[in-house]
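Engineer: If it helps, the file is called input.pdb and holds PDB, C-alpha atoms:
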```pdb
ATOM      1  CA  MET A   1     114.888  95.713 107.869
ATOM      2  CA  LYS A   2     112.030  98.135 107.288
ATOM      3  CA  ILE A   3     111.088 100.553 110.063
ATOM      4  CA  SER A   4     107.530 101.890 110.168
ATOM      5  CA  CYS A   5     105.456 103.793 112.704
ATOM      6  CA  PHE A   6     102.020 103.540 114.265
ATOM      7  CA  LEU A   7     100.028 106.785 114.380
ATOM      8  CA  SER A   8      97.816 107.287 117.440
ATOM      9  CA  ALA A   9      94.775 109.049 116.014
ATOM     10  CA  GLN A  10      92.822 109.313 119.265
ATOM     11  CA  PHE A  11      92.418 112.424 121.329
ATOM     12  CA  ASP A  12      91.030 113.814 124.546
ATOM     13  CA  PRO A  13      87.299 114.390 123.909
ATOM     14  CA  SER A  14      87.638 117.935 125.268
ATOM     15  CA  ALA A  15      90.417 118.812 122.806
ATOM     16  CA  SER A  16      90.079 119.886 119.185
ATOM     17  CA  ALA A  17      89.854 116.841 116.933
ATOM     18  CA  ALA A  18      90.795 119.000 113.943
ATOM     19  CA  GLU A  19      94.037 120.017 115.645
ATOM     20  CA  GLY A  20      94.672 116.406 116.585
ATOM     21  CA  ILE A  21      94.288 115.310 112.961
ATOM     22  CA  ASP A  22      96.663 118.075 111.902
ATOM     23  CA  GLY A  23      99.170 116.566 114.338
ATOM     24  CA  VAL A  24      98.715 113.074 112.853
ATOM     25  CA  LEU A  25      99.181 114.514 109.380
ATOM     26  CA  ALA A  26     102.382 116.248 110.515
ATOM     27  CA  GLN A  27     103.656 112.956 111.961
ATOM     28  CA  ALA A  28     102.921 111.122 108.700
ATOM     29  CA  ALA A  29     104.795 113.775 106.714
ATOM     30  CA  ALA A  30     107.697 113.635 109.191
ATOM     31  CA  ALA A  31     107.795 109.836 108.970
ATOM     32  CA  GLU A  32     107.950 110.014 105.183
ATOM     33  CA  ALA A  33     110.740 112.606 105.302
ATOM     34  CA  ALA A  34     112.682 110.587 107.900
ATOM     35  CA  GLY A  35     112.715 107.443 105.769
ATOM     36  CA  PHE A  36     110.071 105.334 107.538
ATOM     37  CA  HIS A  37     108.661 102.588 105.327
ATOM     38  CA  ALA A  38     104.982 102.871 106.327
ATOM     39  CA  VAL A  39     102.515 104.457 108.714
ATOM     40  CA  TYR A  40      99.799 102.344 110.360
ATOM     41  CA  LEU A  41      96.461 103.171 111.984
ATOM     42  CA  GLY A  42      94.430 101.391 114.650
ATOM     43  CA  HIS A  43      90.697 100.738 114.777
ATOM     44  CA  HIS A  44      88.091 100.875 117.522
ATOM     45  CA  TYR A  45      84.487 101.893 117.969
ATOM     46  CA  LEU A  46      82.876 103.373 121.097
ATOM     47  CA  ALA A  47      86.239 104.343 122.540
ATOM     48  CA  ARG A  48      86.556 106.659 125.530
ATOM     49  CA  SER A  49      88.899 108.836 123.497
ATOM     50  CA  ALA A  50      87.917 110.735 120.357
ATOM     51  CA  PHE A  51      88.977 107.973 117.966
ATOM     52  CA  VAL A  52      89.285 108.973 114.303
ATOM     53  CA  GLN A  53      88.148 106.092 112.114
ATOM     54  CA  PRO A  54      91.016 104.648 110.063
ATOM     55  CA  VAL A  55      89.574 104.193 106.552
ATOM     56  CA  PRO A  56      88.678 107.865 105.968
ATOM     57  CA  LEU A  57      91.839 108.980 107.764
ATOM     58  CA  ALA A  58      93.958 106.729 105.534
ATOM     59  CA  GLY A  59      92.460 108.425 102.482
ATOM     60  CA  TYR A  60      93.347 111.810 103.966
ATOM     61  CA  LEU A  61      96.920 110.684 104.646
ATOM     62  CA  ALA A  62      97.215 109.259 101.139
ATOM     63  CA  HIS A  63      96.501 112.673  99.656
ATOM     64  CA  ALA A  64      99.086 114.334 101.913
ATOM     65  CA  THR A  65     101.955 111.868 101.285
ATOM     66  CA  SER A  66     103.611 110.436  98.187
ATOM     67  CA  ARG A  67     105.992 107.588  99.122
ATOM     68  CA  VAL A  68     105.295 106.121 102.533
ATOM     69  CA  ARG A  69     102.971 103.109 102.624
ATOM     70  CA  ILE A  70      99.714 103.415 104.558
ATOM     71  CA  GLY A  71      98.115 100.590 106.465
ATOM     72  CA  PHE A  72      96.071  99.234 109.338
ATOM     73  CA  GLY A  73      97.401  97.498 112.370
ATOM     74  CA  VAL A  74      94.728  96.238 112.728
ATOM     75  CA  LEU A  75      91.323  96.751 111.101
ATOM     76  CA  LEU A  76      88.463  94.999 112.943
ATOM     77  CA  ALA A  77      87.192  93.232 109.830
ATOM     78  CA  PRO A  78      84.602  90.916 111.485
ATOM     79  CA  LEU A  79      82.546  93.951 112.544
ATOM     80  CA  LEU A  80      82.092  94.958 108.909
ATOM     81  CA  ASN A  81      80.442  93.548 105.786
ATOM     82  CA  PRO A  82      83.073  91.815 103.598
ATOM     83  CA  VAL A  83      81.704  93.177 100.317
ATOM     84  CA  ALA A  84      81.740  96.737 101.654
ATOM     85  CA  LEU A  85      85.202  96.079 103.071
ATOM     86  CA  ALA A  86      86.495  94.803  99.727
ATOM     87  CA  GLU A  87      85.126  97.835  97.865
ATOM     88  CA  ASP A  88      86.273 100.373 100.480
ATOM     89  CA  LEU A  89      89.801  98.979 100.538
ATOM     90  CA  ALA A  90      90.003  98.682  96.753
ATOM     91  CA  SER A  91      88.962 102.346  96.567
ATOM     92  CA  LEU A  92      91.562 103.276  99.159
ATOM     93  CA  ASP A  93      94.302 101.385  97.320
ATOM     94  CA  VAL A  94      93.473 103.358  94.169
ATOM     95  CA  LEU A  95      93.452 106.633  96.108
ATOM     96  CA  CYS A  96      96.899 106.018  97.578
ATOM     97  CA  GLY A  97      98.427 104.740  94.334
ATOM     98  CA  GLY A  98      98.921 101.158  95.469
ATOM     99  CA  ARG A  99     100.539 101.972  98.810
ATOM    100  CA  LEU A 100      98.011 100.169 101.030
ATOM    101  CA  THR A 101      98.732  97.323 103.482
ATOM    102  CA  VAL A 102      95.781  95.768 105.315
ATOM    103  CA  GLY A 103      96.258  94.170 108.718
ATOM    104  CA  ILE A 104      93.057  92.643 110.089
ATOM    105  CA  GLY A 105      92.202  91.102 113.450
ATOM    106  CA  ALA A 106      89.327  89.617 115.418
ATOM    107  CA  GLY A 107      89.280  92.249 118.183
ATOM    108  CA  TYR A 108      89.078  91.819 121.944
ATOM    109  CA  ARG A 109      86.185  94.091 123.076
ATOM    110  CA  LYS A 110      82.738  92.510 123.465
ATOM    111  CA  ARG A 111      81.215  95.995 123.513
ATOM    112  CA  GLU A 112      82.140  96.358 119.847
ATOM    113  CA  THR A 113      80.835  92.991 118.667
ATOM    114  CA  THR A 114      77.580  93.497 120.589
ATOM    115  CA  ALA A 115      77.106  96.935 119.040
ATOM    116  CA  PHE A 116      77.382  95.460 115.536
ATOM    117  CA  GLY A 117      75.223  92.408 116.196
ATOM    118  CA  VAL A 118      78.173  90.014 115.844
ATOM    119  CA  ALA A 119      78.213  87.033 118.183
ATOM    120  CA  TRP A 120      81.468  86.902 120.145
ATOM    121  CA  GLU A 121      82.389  83.440 118.846
ATOM    122  CA  ASP A 122      81.320  84.370 115.301
ATOM    123  CA  ARG A 123      84.025  87.001 114.940
ATOM    124  CA  LEU A 124      86.650  84.260 114.468
ATOM    125  CA  ARG A 125      84.615  82.436 111.820
ATOM    126  CA  ARG A 126      84.056  85.707 109.990
ATOM    127  CA  LEU A 127      87.778  86.436 110.014
ATOM    128  CA  ARG A 128      88.482  83.023 108.446
ATOM    129  CA  GLU A 129      85.761  83.505 105.823
ATOM    130  CA  TYR A 130      86.609  87.085 104.912
ATOM    131  CA  VAL A 131      90.190  86.455 103.772
ATOM    132  CA  PRO A 132      89.307  84.277 100.739
ATOM    133  CA  ILE A 133      86.373  86.578  99.896
ATOM    134  CA  LEU A 134      88.594  89.655  99.852
ATOM    135  CA  ARG A 135      91.295  87.913  97.852
ATOM    136  CA  ALA A 136      88.842  86.568  95.272
ATOM    137  CA  LEU A 137      87.095  89.904  94.763
ATOM    138  CA  TRP A 138      90.397  91.783  94.504
ATOM    139  CA  ASN A 139      91.610  89.214  91.956
ATOM    140  CA  GLY A 140      88.640  89.954  89.699
ATOM    141  CA  GLU A 141      86.783  86.705  90.371
ATOM    142  CA  THR A 142      83.002  86.354  90.441
ATOM    143  CA  ILE A 143      81.885  84.518  93.576
ATOM    144  CA  ASP A 144      78.769  83.386  95.400
ATOM    145  CA  ALA A 145      79.207  84.339  99.041
ATOM    146  CA  ALA A 146      77.030  83.932 102.110
ATOM    147  CA  GLY A 147      77.468  84.142 105.853
ATOM    148  CA  SER A 148      76.100  85.614 109.045
ATOM    149  CA  TRP A 149      76.817  89.041 107.483
ATOM    150  CA  GLY A 150      74.465  88.471 104.499
ATOM    151  CA  GLU A 151      74.322  86.784 101.109
ATOM    152  CA  VAL A 152      75.344  87.826  97.614
ATOM    153  CA  PRO A 153      75.265  85.655  94.472
ATOM    154  CA  GLY A 154      77.570  86.512  91.590
ATOM    155  CA  ALA A 155      79.591  89.144  93.465
ATOM    156  CA  SER A 156      82.414  90.893  91.598
ATOM    157  CA  LEU A 157      84.179  94.231  91.697
ATOM    158  CA  ALA A 158      84.263  96.579  88.748
ATOM    159  CA  LEU A 159      86.719  98.760  90.670
ATOM    160  CA  ARG A 160      89.965  96.856  91.129
ATOM    161  CA  PRO A 161      92.789  97.718  93.549
ATOM    162  CA  ALA A 162      95.882  99.414  92.169
ATOM    163  CA  GLN A 163      98.042  96.517  93.403
ATOM    164  CA  PRO A 164      97.576  93.327  91.358
ATOM    165  CA  GLY A 165      95.634  90.884  93.489
ATOM    166  CA  GLY A 166      94.914  93.598  96.029
ATOM    167  CA  PRO A 167      96.842  95.052  98.964
ATOM    168  CA  PRO A 168      98.926  92.756 101.204
ATOM    169  CA  LEU A 169      96.659  91.134 103.781
ATOM    170  CA  TRP A 170      98.128  90.425 107.229
ATOM    171  CA  ILE A 171      96.533  88.759 110.261
ATOM    172  CA  GLY A 172      97.114  90.292 113.693
ATOM    173  CA  ALA A 173      97.403  87.679 116.437
ATOM    174  CA  PHE A 174      98.710  87.110 119.964
ATOM    175  CA  ALA A 175      97.775  83.587 121.077
ATOM    176  CA  GLU A 176      98.880  80.309 119.516
ATOM    177  CA  PRO A 177      95.458  79.378 118.015
ATOM    178  CA  ALA A 178      95.317  82.765 116.274
ATOM    179  CA  VAL A 179      98.873  82.345 114.982
ATOM    180  CA  ARG A 180      97.932  78.955 113.555
ATOM    181  CA  ARG A 181      94.877  80.580 111.956
ATOM    182  CA  ALA A 182      97.117  83.053 110.139
ATOM    183  CA  ALA A 183      99.202  80.149 108.823
ATOM    184  CA  ARG A 184      96.106  78.256 107.623
ATOM    185  CA  LEU A 185      95.053  81.370 105.708
ATOM    186  CA  ASP A 186      98.524  81.697 104.127
ATOM    187  CA  ALA A 187      98.714  85.232 105.507
ATOM    188  CA  PRO A 188     101.687  86.981 107.119
ATOM    189  CA  TRP A 189     101.345  87.017 110.898
ATOM    190  CA  LEU A 190     101.383  90.575 112.224
ATOM    191  CA  ILE A 191     103.021  90.152 115.629
ATOM    192  CA  GLY A 192     101.416  92.319 118.308
ATOM    193  CA  PRO A 193     103.284  94.546 120.783
ATOM    194  CA  LYS A 194     104.003  91.836 123.349
ATOM    195  CA  GLY A 195     106.158  88.744 123.657
ATOM    196  CA  ASN A 196     109.859  88.442 124.472
ATOM    197  CA  ASP A 197     112.387  86.817 122.156
ATOM    198  CA  ALA A 198     111.888  83.309 123.531
ATOM    199  CA  GLU A 199     108.091  83.446 123.222
ATOM    200  CA  LEU A 200     108.268  84.902 119.717
ATOM    201  CA  ALA A 201     110.769  82.224 118.634
ATOM    202  CA  ARG A 202     108.375  79.536 119.909
ATOM    203  CA  LEU A 203     105.340  80.988 118.127
ATOM    204  CA  LEU A 204     107.255  81.711 114.926
ATOM    205  CA  GLY A 205     108.419  78.099 114.921
ATOM    206  CA  ILE A 206     104.791  76.955 115.161
ATOM    207  CA  TYR A 207     103.702  79.419 112.472
ATOM    208  CA  ARG A 208     106.456  78.396 110.039
ATOM    209  CA  ALA A 209     105.908  74.679 110.700
ATOM    210  CA  ASP A 210     102.196  75.075 109.922
ATOM    211  CA  LEU A 211     103.024  76.983 106.731
ATOM    212  CA  ALA A 212     105.468  74.293 105.637
ATOM    213  CA  GLU A 213     103.002  71.494 106.401
ATOM    214  CA  ARG A 214     100.498  73.118 104.041
ATOM    215  CA  GLY A 215     103.053  73.749 101.325
ATOM    216  CA  PHE A 216     102.952  77.530 101.767
ATOM    217  CA  PRO A 217     106.190  79.485 101.217
ATOM    218  CA  LEU A 218     108.222  80.628 104.209
ATOM    219  CA  ASP A 219     109.741  83.467 102.203
ATOM    220  CA  ARG A 220     107.287  86.225 103.110
ATOM    221  CA  GLU A 221     106.866  89.313 105.245
ATOM    222  CA  TYR A 222     107.267  88.893 109.022
ATOM    223  CA  PRO A 223     105.933  92.173 110.464
ATOM    224  CA  MET A 224     106.011  93.114 114.133
ATOM    225  CA  SER A 225     104.612  96.028 116.155
ATOM    226  CA  ARG A 226     106.411  97.383 119.231
ATOM    227  CA  GLU A 227     106.274 100.247 121.696
ATOM    228  CA  ALA A 228     109.400 102.377 121.258
ATOM    229  CA  TYR A 229     111.373 105.218 122.769
ATOM    230  CA  LEU A 230     114.842 106.450 121.870
ATOM    231  CA  GLY A 231     116.880 108.156 124.585
ATOM    232  CA  ASP A 232     120.511 108.924 125.315
ATOM    233  CA  SER A 233     120.651 105.776 127.475
ATOM    234  CA  TYR A 234     118.345 102.962 128.583
ATOM    235  CA  PRO A 235     117.630 104.534 132.021
ATOM    236  CA  ALA A 236     116.879 107.904 130.402
ATOM    237  CA  ALA A 237     114.547 106.311 127.841
ATOM    238  CA  VAL A 238     112.697 104.300 130.511
ATOM    239  CA  ALA A 239     112.267 107.361 132.728
ATOM    240  CA  ALA A 240     110.739 109.270 129.816
ATOM    241  CA  VAL A 241     108.391 106.609 128.454
ATOM    242  CA  ARG A 242     107.369 104.652 131.583
ATOM    243  CA  PRO A 243     104.672 107.130 132.767
ATOM    244  CA  HIS A 244     103.181 107.204 129.245
ATOM    245  CA  LEU A 245     103.000 103.418 128.988
ATOM    246  CA  GLN A 246     101.541 103.155 132.481
ATOM    247  CA  ARG A 247      98.654 105.416 131.465
ATOM    248  CA  GLN A 248      98.305 103.728 128.079
ATOM    249  CA  TYR A 249      97.947 100.194 129.381
ATOM    250  CA  ALA A 250      95.739 101.189 132.305
ATOM    251  CA  GLY A 251      93.181 102.160 129.653
ATOM    252  CA  TYR A 252      93.041  98.688 128.083
ATOM    253  CA  LYS A 253      90.281  97.486 130.385
ATOM    254  CA  SER A 254      89.165  94.749 127.950
ATOM    255  CA  TRP A 255      92.655  93.344 127.355
ATOM    256  CA  ASP A 256      93.302  90.904 130.196
ATOM    257  CA  ASP A 257      97.078  90.742 129.649
ATOM    258  CA  ALA A 258      97.362  94.511 130.104
ATOM    259  CA  GLN A 259      95.839  94.323 133.583
ATOM    260  CA  SER A 260      98.560  91.987 134.875
ATOM    261  CA  LEU A 261     101.452  93.556 132.991
ATOM    262  CA  ASP A 262     104.867  93.688 134.683
ATOM    263  CA  LEU A 263     105.818  97.030 133.183
ATOM    264  CA  ASP A 264     109.521  96.885 134.026
ATOM    265  CA  ARG A 265     109.899  93.430 132.462
ATOM    266  CA  TYR A 266     107.815  94.539 129.479
ATOM    267  CA  LEU A 267     110.014  97.581 128.876
ATOM    268  CA  ALA A 268     113.222  95.576 129.127
ATOM    269  CA  GLU A 269     112.208  92.549 127.051
ATOM    270  CA  ASP A 270     109.293  93.316 124.732
ATOM    271  CA  CYS A 271     109.657  97.007 123.894
ATOM    272  CA  LEU A 272     112.214  98.831 121.773
ATOM    273  CA  VAL A 273     113.541 101.259 124.369
ATOM    274  CA  GLY A 274     117.052 102.560 124.951
ATOM    275  CA  SER A 275     119.943 104.314 123.258
ATOM    276  CA  ALA A 276     120.436 104.191 119.492
ATOM    277  CA  ASP A 277     123.116 101.519 119.864
ATOM    278  CA  GLU A 278     120.857  99.372 122.071
ATOM    279  CA  ILE A 279     117.888  99.766 119.736
ATOM    280  CA  VAL A 280     119.908  98.925 116.617
ATOM    281  CA  ALA A 281     121.354  95.841 118.318
ATOM    282  CA  LYS A 282     117.862  94.635 119.278
ATOM    283  CA  LEU A 283     116.500  95.236 115.772
ATOM    284  CA  ARG A 284     119.407  93.296 114.273
ATOM    285  CA  ARG A 285     118.800  90.449 116.704
ATOM    286  CA  TRP A 286     115.126  90.284 115.739
ATOM    287  CA  GLU A 287     116.104  90.325 112.073
ATOM    288  CA  THR A 288     118.817  87.667 112.196
ATOM    289  CA  GLN A 289     117.441  85.326 114.868
ATOM    290  CA  LEU A 290     113.672  85.654 114.339
ATOM    291  CA  GLY A 291     113.546  86.640 110.666
ATOM    292  CA  ILE A 292     111.542  89.817 111.294
ATOM    293  CA  THR A 293     111.332  91.940 108.129
ATOM    294  CA  GLU A 294     109.474  95.032 109.378
ATOM    295  CA  VAL A 295     108.923  96.656 112.772
ATOM    296  CA  SER A 296     106.147  99.197 113.293
ATOM    297  CA  LEU A 297     106.851 101.504 116.233
ATOM    298  CA  ARG A 298     104.482 103.551 118.359
ATOM    299  CA  HIS A 299     106.086 106.850 119.337
ATOM    300  CA  GLN A 300     103.109 108.685 120.825
ATOM    301  CA  PHE A 301     101.247 107.534 123.908
ATOM    302  CA  VAL A 302      98.472 108.777 126.155
ATOM    303  CA  GLY A 303      99.763 111.939 127.780
ATOM    304  CA  ALA A 304     102.670 112.405 125.355
ATOM    305  CA  SER A 305     102.876 115.673 123.454
ATOM    306  CA  GLN A 306     103.005 116.254 119.717
ATOM    307  CA  ASP A 307     106.478 117.766 120.114
ATOM    308  CA  GLU A 308     107.730 114.613 121.835
ATOM    309  CA  ALA A 309     106.330 112.396 119.066
ATOM    310  CA  MET A 310     107.898 114.564 116.362
ATOM    311  CA  GLU A 311     111.241 114.495 118.161
ATOM    312  CA  GLN A 312     111.132 110.690 118.345
ATOM    313  CA  LEU A 313     110.360 110.404 114.631
ATOM    314  CA  ALA A 314     113.270 112.697 113.790
ATOM    315  CA  ARG A 315     115.683 110.845 116.095
ATOM    316  CA  PHE A 316     114.751 107.414 114.729
ATOM    317  CA  GLY A 317     115.137 108.774 111.212
ATOM    318  CA  ALA A 318     118.593 110.168 111.950
ATOM    319  CA  GLU A 319     120.032 107.639 114.424
ATOM    320  CA  VAL A 320     118.388 104.280 113.683
ATOM    321  CA  ILE A 321     116.887 103.894 110.202
ATOM    322  CA  PRO A 322     120.130 104.487 108.243
ATOM    323  CA  ARG A 323     121.872 101.826 110.348
ATOM    324  CA  VAL A 324     119.290  99.068 109.724
ATOM    325  CA  ALA A 325     118.380  99.839 106.121
ATOM    326  CA  THR A 326     120.547  97.010 104.771
ATOM    327  CA  THR A 327     119.248  93.455 104.969
ATOM    328  CA  VAL A 328     121.171  90.698 106.697
ATOM    329  CA  ALA A 329     120.553  86.986 106.271
ATOM    330  CA  PRO A 330     118.215  85.631 108.975
ATOM    331  CA  ARG A 331     119.127  82.469 110.843
ATOM    332  CA  ILE A 332     115.658  80.931 111.042
ATOM    333  CA  ALA A 333     115.860  77.547 109.325
ATOM    334  CA  ALA A 334     116.425  75.785 112.643
ATOM    335  CA  THR A 335     112.972  76.815 113.845
ATOM    336  CA  VAL A 336     111.364  74.397 111.330
ATOM    337  CA  PRO A 337     113.083  71.013 111.345
ATOM    338  CA  GLY A 338     113.766  69.743 107.836
ATOM    339  CA  VAL A 339     112.747  73.025 106.205
ATOM    340  CA  THR A 340     115.038  75.601 104.677
ATOM    341  CA  ARG A 341     114.091  79.063 103.669
TER     342      ARG A 341
END
```
Would you give me this structure, written as structure tokens?
Structural biologist:
Amino acid sequence: MKISCFLSAQFDPSASAAEGIDGVLAQAAAAEAAGFHAVYLGHHYLARSAFVQPVPLAGYLAHATSRVRIGFGVLLAPLLNPVALAEDLASLDVLCGGRLTVGIGAGYRKRETTAFGVAWEDRLRRLREYVPILRALWNGETIDAAGSWGEVPGASLALRPAQPGGPPLWIGAFAEPAVRRAARLDAPWLIGPKGNDAELARLLGIYRADLAERGFPLDREYPMSREAYLGDSYPAAVAAVRPHLQRQYAGYKSWDDAQSLDLDRYLAEDCLVGSADEIVAKLRRWETQLGITEVSLRHQFVGASQDEAMEQLARFGAEVIPRVATTVAPRIAATVPGVTR
């Protein structure tokens, strides 16, 4: 199983953004040194925090690292023009030497869609339309494309991504219709930071059944994002991270699920919190029973210090990553009747 980390590049507006970016850069370097597979960035506009935009930041991180993959979890693609998006991401893939992974999602804040002149319901149609446009342009095809974003006949890219066919394209989703959308697009489903084992097994069964029905391969990446904290014991880890998560989720005013969150249940079932032994056991369970291939972990939360984030990266690198680096065979065939992997 691959272990990656999510970098929180958002800061108190009264603090120094330059110092904050230095901290993100230090975390990326620490993640690379500790053996993390990738670092991922989020995306929002008009945030209350000083939110550093992910595409330029990814280019900055690419220059400062050499091995670790760099990606988005997720990029709000429907707010952007698909031709600009294809060219920006092709440029970024070249800049980072083919280390880019692109997670995209529809978003959940009407303030953002309104600001960009995107109708709320149109964001889903744009997401569906953008995936084949990006893939075709990255593959070197010449296409005629049109949509609510604009129109371009005979579009092609002279600048091609470093990765043949372009960077991996994942779809972030929570609800069942969005999971089915990812399957229809033949894209890996990037599982968001919520859902216990039973709920994930149900949705993964639906996702894999939809893939199989369309003749798409089941042998693919199954990435997941989780909130994480490594302590000497589960009670110690919960005591340390609970105040951070409470502040974090109180800020998600536009995410309905966050407003009714049972934090204690969430910590116990959905998050990756506890001792090294408990965390490794949970990762192995996700790998063998759900078929998860990569888990991206957030180590820094609202109110958490840079020192705390760096300590968590070092501890995961020393106590967890070496123990889950080997792959074990997943037991997932039963989730899709009549289908083997």
Engineer: The PyMOL selection byres ((chain A and resi 266-274) around 10) - which residues does that actually catch in the file I just gave you? List them as a ChimeraX atom specification.
Structural biologist: /A:193-198,200,225-238,241-242,245,261-265,275-280,282-283,295,297-298
Engineer: Could you tell me which residues the PyMOL selection byres ((chain A and resi 223) around 8) grabs in this file, written as a ChimeraX atom specification?
Structural biologist: /A:188-191,221-222,224-225,292-296
Engineer: Specify the axis-aligned box that encloses all atoms of segment 103-106 of chain A listed in the file after padding of 5 Å on each side, stating its centre and edge lengths in Å to one decimal as AutoDock Vina command-line options.
Structural biologist:
```
--center_x 92.8 --center_y 91.9 --center_z 112.1 --size_x 16.9 --size_y 14.6 --size_z 16.7
```
Engineer: Within 12 Å of (91.0, 109.3, 104.1), all atoms listed in the file: residues as JSON, numbers by chain?
Structural biologist: {"A": [21, 25, 41, 52, 53, 54, 55, 56, 57, 58, 59, 60, 61, 62, 63, 64, 65, 70, 71, 88, 89, 91, 92, 93, 94, 95, 96, 100]}
Engineer: Hey, can you check how far atom CA of Ala17 of chain A sits from atom CA of Ala50 of chain A?
Structural biologist: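 These two atoms are separated by 7.3 Å.
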Engineer: When distances are computed from only C-alpha atoms, which of A:Leu137, A:His244, A:His299, A:Leu185 shows the smallest separation from Glu311 of chain A?
Structural biologist: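 Closest candidate: A:His299.
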Engineer: Quick check on the file I pasted: which residues fall under the PyMOL selection byres ((chain A and resi 77) around 8)? Write them as a list in words.
Structural biologist: Leu75, Leu76, Pro78, Leu79, Leu80, Asn81, Pro82, Leu85, Ile104, Gly105, Ala106, Leu127 and Tyr130 of chain A
Engineer: Can you tell me, as a PyMOL selection string, what residues are no more than 10 Å from Ala26 of chain A when counting all atoms listed in the file, ignoring any on the same chain fewer than 3 positions away?
Structural biologist: chain A and resi 20-23+29-32+61+64+306+310
Engineer: Record the distance separating atom CA of Glu199 of chain A and atom CA of Leu211 of chain A, expressed in Å with one decimal.
Structural biologist: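 Atom CA of Leu211 of chain A lies 18.4 Å from atom CA of Glu199 of chain A.
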Engineer: Quote the spacing between atom CA of Phe216 of chain A and atom CA of Leu204 of chain A in Å to one decimal place.
Structural biologist: 14.5 Å
Engineer: Which of these, A:Arg99, A:Arg181, A:Arg67, A:His37, has the shortest distance to Ala162 of chain A once you count all atoms listed in the file?
Structural biologist: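 With all atoms listed in the file as the atom set, the closest residue is A:Arg99.
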Engineer: In terms of the shortest atom-to-atom distance over all atoms listed in the file, which of A:Leu290, A:Ile206, A:Val152, A:Ala158 is closest to Glu176 of chain A?
Structural biologist: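 Nearest to Glu176 of chain A: A:Ile206.
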Engineer: Excluding Pro217 of chain A and residues on its chain fewer than 2 positions from it, collect all residues at most 10 Å away from it, counting all atoms listed in the file, and give them as a list in words.
Structural biologist: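 These residues fall inside the cut-off: Asp186, Arg208, Leu211, Ala212, Arg214, Gly215, Asp219, Arg220 and Arg341 of chain A.
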Engineer: Just need segment 146-160 of chain A in a file, please: N, CA and C atoms, as an mmCIF file, in the first residue's frame.
Structural biologist:
```
data_model
loop_
_atom_site.group_PDB
_atom_site.id
_atom_site.type_symbol
_atom_site.label_atom_id
_atom_site.label_comp_id
_atom_site.auth_asym_id
_atom_site.auth_seq_id
_atom_site.Cartn_x
_atom_site.Cartn_y
_atom_site.Cartn_z
ATOM 1 N N ALA A 146 -17.099 22.149 -27.524
ATOM 2 C CA ALA A 146 -17.967 23.282 -27.209
ATOM 3 C C ALA A 146 -18.754 22.968 -25.961
ATOM 4 N N GLY A 147 -19.081 24.011 -25.208
ATOM 5 C CA GLY A 147 -19.858 23.838 -23.991
ATOM 6 C C GLY A 147 -20.212 25.190 -23.414
ATOM 7 N N SER A 148 -20.739 25.172 -22.200
ATOM 8 C CA SER A 148 -21.098 26.430 -21.546
ATOM 9 C C SER A 148 -19.871 27.271 -21.236
ATOM 10 N N TRP A 149 -18.677 26.667 -21.293
ATOM 11 C CA TRP A 149 -17.413 27.356 -21.035
ATOM 12 C C TRP A 149 -16.895 28.102 -22.263
ATOM 13 N N GLY A 150 -17.365 27.714 -23.489
ATOM 14 C CA GLY A 150 -16.871 28.328 -24.713
ATOM 15 C C GLY A 150 -16.887 27.331 -25.852
ATOM 16 N N GLU A 151 -16.188 27.664 -26.935
ATOM 17 C CA GLU A 151 -16.179 26.811 -28.115
ATOM 18 C C GLU A 151 -14.826 26.915 -28.791
ATOM 19 N N VAL A 152 -14.294 25.770 -29.234
ATOM 20 C CA VAL A 152 -13.020 25.790 -29.940
ATOM 21 C C VAL A 152 -13.011 24.677 -30.992
ATOM 22 N N PRO A 153 -12.941 25.036 -32.273
ATOM 23 C CA PRO A 153 -12.809 24.013 -33.315
ATOM 24 C C PRO A 153 -11.336 23.663 -33.533
ATOM 25 N N GLY A 154 -11.073 22.400 -33.807
ATOM 26 C CA GLY A 154 -9.718 21.979 -34.129
ATOM 27 C C GLY A 154 -8.713 22.212 -33.020
ATOM 28 N N ALA A 155 -9.103 21.918 -31.768
ATOM 29 C CA ALA A 155 -8.198 22.150 -30.637
ATOM 30 C C ALA A 155 -7.182 21.019 -30.533
ATOM 31 N N SER A 156 -5.922 21.375 -30.298
ATOM 32 C CA SER A 156 -4.870 20.391 -30.050
ATOM 33 C C SER A 156 -3.785 21.054 -29.226
ATOM 34 N N LEU A 157 -2.958 20.253 -28.613
ATOM 35 C CA LEU A 157 -1.874 20.772 -27.781
ATOM 36 C C LEU A 157 -0.526 20.479 -28.425
ATOM 37 N N ALA A 158 0.243 21.533 -28.626
ATOM 38 C CA ALA A 158 1.616 21.336 -29.092
ATOM 39 C C ALA A 158 2.505 20.870 -27.937
ATOM 40 N N LEU A 159 2.196 21.361 -26.734
ATOM 41 C CA LEU A 159 2.920 20.920 -25.542
ATOM 42 C C LEU A 159 2.220 19.701 -24.973
ATOM 43 N N ARG A 160 2.915 18.587 -24.916
ATOM 44 C CA ARG A 160 2.329 17.347 -24.420
ATOM 45 C C ARG A 160 2.842 17.061 -23.015
#
```
